[in-house]
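Asks: Got a structure here, written out as structure tokens. Questions coming.
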Amino acid sequence: MYLTRFRLNTARLGARRLLSSPQMLHAGVLSSFADLPPAGEGTPRVLWRIDRNSKAETYLYIVGPDKPDLTHLVEQAGWPETGRWQTYDYTPFLSRLAAGDRWAFRLTANPVHSARRTDDEPTKITAHVGLRHQLGWLLKRQDSAGFKVLEKPAERQLIPGQDRYELIVHDRRQLAFKKSGQRQPVTLVTVTYDGHLEITDPDALRRTLSLGLGKAKAYGCGLMTLAEV
């Protein structure tokens, strides 16, 4: 597995076009690989995420089983003379994860649930738009994903029911874009989670980091990364 980071030059029109279209960015990411990994249940896939740290610092992160070549993205949306990308061997890091370790994490996800208005209607995939439900979406998945989100000490919990965990939700976005072959636009709600976790099941967390969490992985969702606290 490999982890790649690439800084986009948001002053360039090409970068702004890519950032406005998850479908175009997905195609750009996949074009970074001469041979795509075989798709299948439980096999590592190509995941990506956009981190907007500030107006001048926007990064593309990619995780996949092979090294990407981002030359075309540098030419279109980077600094062709001075800018490159950094790729790291991710496997040694993943192998060192151990139960009880604590990390800071970031995840951009598409928090959705199945809902229907009446018993006679078929269920429909619906986005969570409220903060409480978006928090609950991640907390419901933490056990199977191999971690638990750390809780704050009681004296630091300022908002009852919404401030229990070392977790914030930000950069909430509603995206709409056309997909080839479809008349109706695709709509997508994404949020970014920043928090602190403790590893409970290293193998499950390795799967989460390699396979992604939640839906809409093709459109920049599901990639979780860890950093030292």
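Here, A, B, ... name the chains of the structure tokens in the order displayed, residue numbers run from 1 inside each chain, and ligands are numbered from 1 in the same displayed order.
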Show me, as a VMD selection string, the residues that have an atom within 9 Å of range 8-16 of chain A when counting only C-alpha atoms, minus same-chain residues fewer than 4 positions from it.
Replies: chain A and resid 20 to 21 55 to 60 73 to 74 76 to 79
Asks: If you keep N, CA, C and O atoms, can you produce a file of those selected residues as a compact mmCIF listing (two decimals), in the first residue's frame?
Replies:
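Now in out35.txt:
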```
# COMPACT_ATOMS: atom_id res chain seq x y z
N SER A 20 -14.06 21.48 -8.50
CA SER A 20 -15.51 21.71 -8.62
C SER A 20 -16.25 20.46 -9.07
O SER A 20 -17.48 20.44 -9.06
N SER A 21 -15.54 19.41 -9.47
CA SER A 21 -16.18 18.23 -10.03
C SER A 21 -15.56 16.96 -9.46
O SER A 21 -14.47 16.56 -9.90
N LYS A 55 -7.11 28.56 2.07
CA LYS A 55 -7.33 28.89 0.67
C LYS A 55 -6.08 28.62 -0.16
O LYS A 55 -6.17 28.24 -1.34
N ALA A 56 -4.91 28.76 0.44
CA ALA A 56 -3.66 28.58 -0.28
C ALA A 56 -3.08 27.18 -0.12
O ALA A 56 -2.07 26.87 -0.74
N GLU A 57 -3.68 26.36 0.72
CA GLU A 57 -3.15 25.02 0.96
C GLU A 57 -4.26 23.99 0.78
O GLU A 57 -5.05 23.73 1.70
N THR A 58 -4.32 23.44 -0.41
CA THR A 58 -5.29 22.39 -0.73
C THR A 58 -4.51 21.18 -1.21
O THR A 58 -3.72 21.28 -2.16
N TYR A 59 -4.74 20.04 -0.54
CA TYR A 59 -3.97 18.83 -0.83
C TYR A 59 -4.88 17.71 -1.31
O TYR A 59 -6.01 17.55 -0.83
N LEU A 60 -4.36 16.92 -2.22
CA LEU A 60 -4.97 15.68 -2.65
C LEU A 60 -4.20 14.53 -2.01
O LEU A 60 -2.98 14.43 -2.17
N LEU A 73 -1.49 15.61 -13.44
CA LEU A 73 -2.12 16.54 -12.50
C LEU A 73 -1.19 17.72 -12.19
O LEU A 73 -1.65 18.84 -11.99
N VAL A 74 0.10 17.46 -12.12
CA VAL A 74 1.05 18.55 -11.93
C VAL A 74 0.95 19.54 -13.09
O VAL A 74 0.91 20.76 -12.90
N GLN A 76 -1.57 20.04 -15.08
CA GLN A 76 -2.90 20.65 -15.17
C GLN A 76 -3.23 21.52 -13.97
O GLN A 76 -3.89 22.56 -14.12
N ALA A 77 -2.77 21.12 -12.78
CA ALA A 77 -3.28 21.76 -11.56
C ALA A 77 -2.23 21.97 -10.50
O ALA A 77 -2.57 22.22 -9.34
N GLY A 78 -0.95 21.91 -10.88
CA GLY A 78 0.10 22.07 -9.88
C GLY A 78 1.09 23.14 -10.27
O GLY A 78 0.75 24.16 -10.86
N TRP A 79 2.36 22.90 -9.96
CA TRP A 79 3.48 23.77 -10.32
C TRP A 79 4.44 22.96 -11.18
O TRP A 79 5.33 22.27 -10.64
```
Asks: Find the spatial neighbours of Met24 in chain A, counting only C-alpha atoms, within a cut-off of 12 Å - ignore same-chain residues fewer than 6 positions away - and output them as an mmCIF file with C-alpha atoms, in the first residue's frame.
Replies:
```cif
data_model
loop_
_atom_site.group_PDB
_atom_site.id
_atom_site.type_symbol
_atom_site.label_atom_id
_atom_site.label_comp_id
_atom_site.auth_asym_id
_atom_site.auth_seq_id
_atom_site.Cartn_x
_atom_site.Cartn_y
_atom_site.Cartn_z
ATOM 1 C CA GLY A 14 -7.314 23.578 -14.095
ATOM 2 C CA ALA A 15 -7.160 23.060 -10.336
ATOM 3 C CA ARG A 16 -10.395 24.970 -9.773
ATOM 4 C CA ARG A 17 -12.146 22.877 -12.418
ATOM 5 C CA LEU A 18 -11.003 19.649 -10.804
ATOM 6 C CA LEU A 30 -7.564 6.790 -11.726
ATOM 7 C CA SER A 31 -5.503 8.050 -14.659
ATOM 8 C CA LEU A 73 -2.118 16.541 -12.501
ATOM 9 C CA PHE A 177 -22.740 17.169 -10.684
ATOM 10 C CA LYS A 178 -23.725 15.457 -13.913
ATOM 11 C CA LYS A 179 -22.713 11.837 -14.481
ATOM 12 C CA SER A 180 -22.353 10.628 -18.051
ATOM 13 C CA ALA A 218 -15.279 7.166 -5.996
ATOM 14 C CA TYR A 219 -16.048 10.799 -5.164
ATOM 15 C CA GLY A 220 -13.477 11.520 -2.480
#
```
Asks: Tell me, as a JSON list (two decimals) with C-alpha atoms, in the first residue's frame, which residues lie within 10 Å of Val63 in chain A, counting only C-alpha atoms; anything in the same chain fewer than 4 positions away does not count.
Replies:
```json
[["chain", "number", "residue", "atom", "x", "y", "z"],
["A", 1, "MET", "CA", 0.00, 0.00, 0.00],
["A", 2, "TYR", "CA", 1.14, 3.56, -0.74],
["A", 3, "LEU", "CA", 0.11, 6.97, 0.57],
["A", 4, "THR", "CA", 0.54, 9.95, -1.74],
["A", 5, "ARG", "CA", 0.18, 13.68, -1.09],
["A", 44, "PRO", "CA", -7.51, -2.80, -1.51],
["A", 45, "ARG", "CA", -8.83, -0.04, -3.69],
["A", 46, "VAL", "CA", -7.81, 3.45, -4.73],
["A", 47, "LEU", "CA", -9.09, 6.00, -2.21],
["A", 48, "TRP", "CA", -8.67, 9.75, -2.36],
["A", 49, "ARG", "CA", -9.54, 12.85, -0.37],
["A", 67, "LYS", "CA", 2.43, 3.96, -6.75],
["A", 68, "PRO", "CA", 0.65, 6.66, -8.79],
["A", 87, "THR", "CA", 4.59, 8.96, -2.15],
["A", 88, "TYR", "CA", 5.33, 6.87, 0.93],
["A", 90, "TYR", "CA", 2.24, 2.74, 3.70],
["A", 209, "LEU", "CA", -7.54, 2.47, 6.19],
["A", 210, "SER", "CA", -7.08, 0.33, 3.06],
["A", 211, "LEU", "CA", -10.69, -0.18, 1.94],
["A", 212, "GLY", "CA", -12.34, 3.03, 3.13],
["A", 223, "LEU", "CA", -10.31, 7.78, 3.19],
["A", 224, "MET", "CA", -9.23, 7.91, 6.84],
["A", 225, "THR", "CA", -5.69, 8.97, 7.76]]
```
Asks: So what do you get for CA of Glu228 in chain A versus CA of Glu151 in chain A, distance-wise?
Replies: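 So the two atoms, CA of Glu228 in chain A and CA of Glu151 in chain A, lie 17.5 Å apart.
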Asks: Considering only C-alpha atoms, return as a list in words whatever protein or nucleic-acid residues lie within 8 Å of Tyr193 in chain A, sequence-local ones (same chain, fewer than 3 positions apart) excluded.
Replies: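 The neighbour list is Phe105, Arg106, Leu107, Thr108, Ala109, Leu167, Ile168, Val169 and His170 of chain A.
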Asks: Taking N, CA, C and O atoms for each residue, export the selection above as a CSV table (one decimal), in the first residue's frame.
Replies:
```csv
chain,number,residue,atom,x,y,z
A,105,PHE,N,-7.1,11.6,13.9
A,105,PHE,CA,-7.5,11.1,12.6
A,105,PHE,C,-8.3,12.1,11.9
A,105,PHE,O,-8.8,13.1,12.4
A,106,ARG,N,-8.3,11.9,10.6
A,106,ARG,CA,-9.2,12.7,9.7
A,106,ARG,C,-9.9,11.8,8.7
A,106,ARG,O,-9.3,10.9,8.2
A,107,LEU,N,-11.2,12.1,8.5
A,107,LEU,CA,-12.0,11.3,7.6
A,107,LEU,C,-13.0,12.2,6.9
A,107,LEU,O,-13.7,12.9,7.5
A,108,THR,N,-13.0,12.1,5.6
A,108,THR,CA,-14.1,12.8,4.8
A,108,THR,C,-15.0,11.7,4.4
A,108,THR,O,-14.6,10.7,3.8
A,109,ALA,N,-16.3,11.8,4.7
A,109,ALA,CA,-17.3,10.7,4.5
A,109,ALA,C,-18.6,11.3,3.9
A,109,ALA,O,-18.9,12.5,3.9
A,167,LEU,N,-14.1,15.0,19.0
A,167,LEU,CA,-14.5,14.8,17.6
A,167,LEU,C,-15.2,16.1,17.1
A,167,LEU,O,-16.1,16.6,17.8
A,168,ILE,N,-14.8,16.6,16.0
A,168,ILE,CA,-15.5,17.8,15.4
A,168,ILE,C,-15.9,17.4,13.9
A,168,ILE,O,-15.2,16.6,13.3
A,169,VAL,N,-17.0,18.0,13.5
A,169,VAL,CA,-17.4,17.8,12.1
A,169,VAL,C,-17.4,19.2,11.5
A,169,VAL,O,-17.9,20.2,12.0
A,170,HIS,N,-16.7,19.3,10.3
A,170,HIS,CA,-16.6,20.5,9.6
A,170,HIS,C,-16.5,20.3,8.1
A,170,HIS,O,-16.6,19.2,7.6
```
Asks: Taking only C-alpha atoms into account, name the residue in A:Gly195, A:Pro92, A:Gly100, A:Gly28 that is nearest to Thr71 in chain A.
Replies: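 Of the candidates, the smallest distance to Thr71 in chain A is held by A:Gly28.
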Asks: Take CA of Leu188 in chain A and CA of Leu135 in chain A and report the distance between them in Å, one decimal.
Replies: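 Atom-to-atom, CA of Leu188 in chain A to CA of Leu135 in chain A, that is 17.3 Å.
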Asks: Could you check which of A:Thr192, A:Thr91, A:Ser32, A:Thr82 is closest to Arg207 in chain A, using only C-alpha atoms?
Replies: A:Thr91
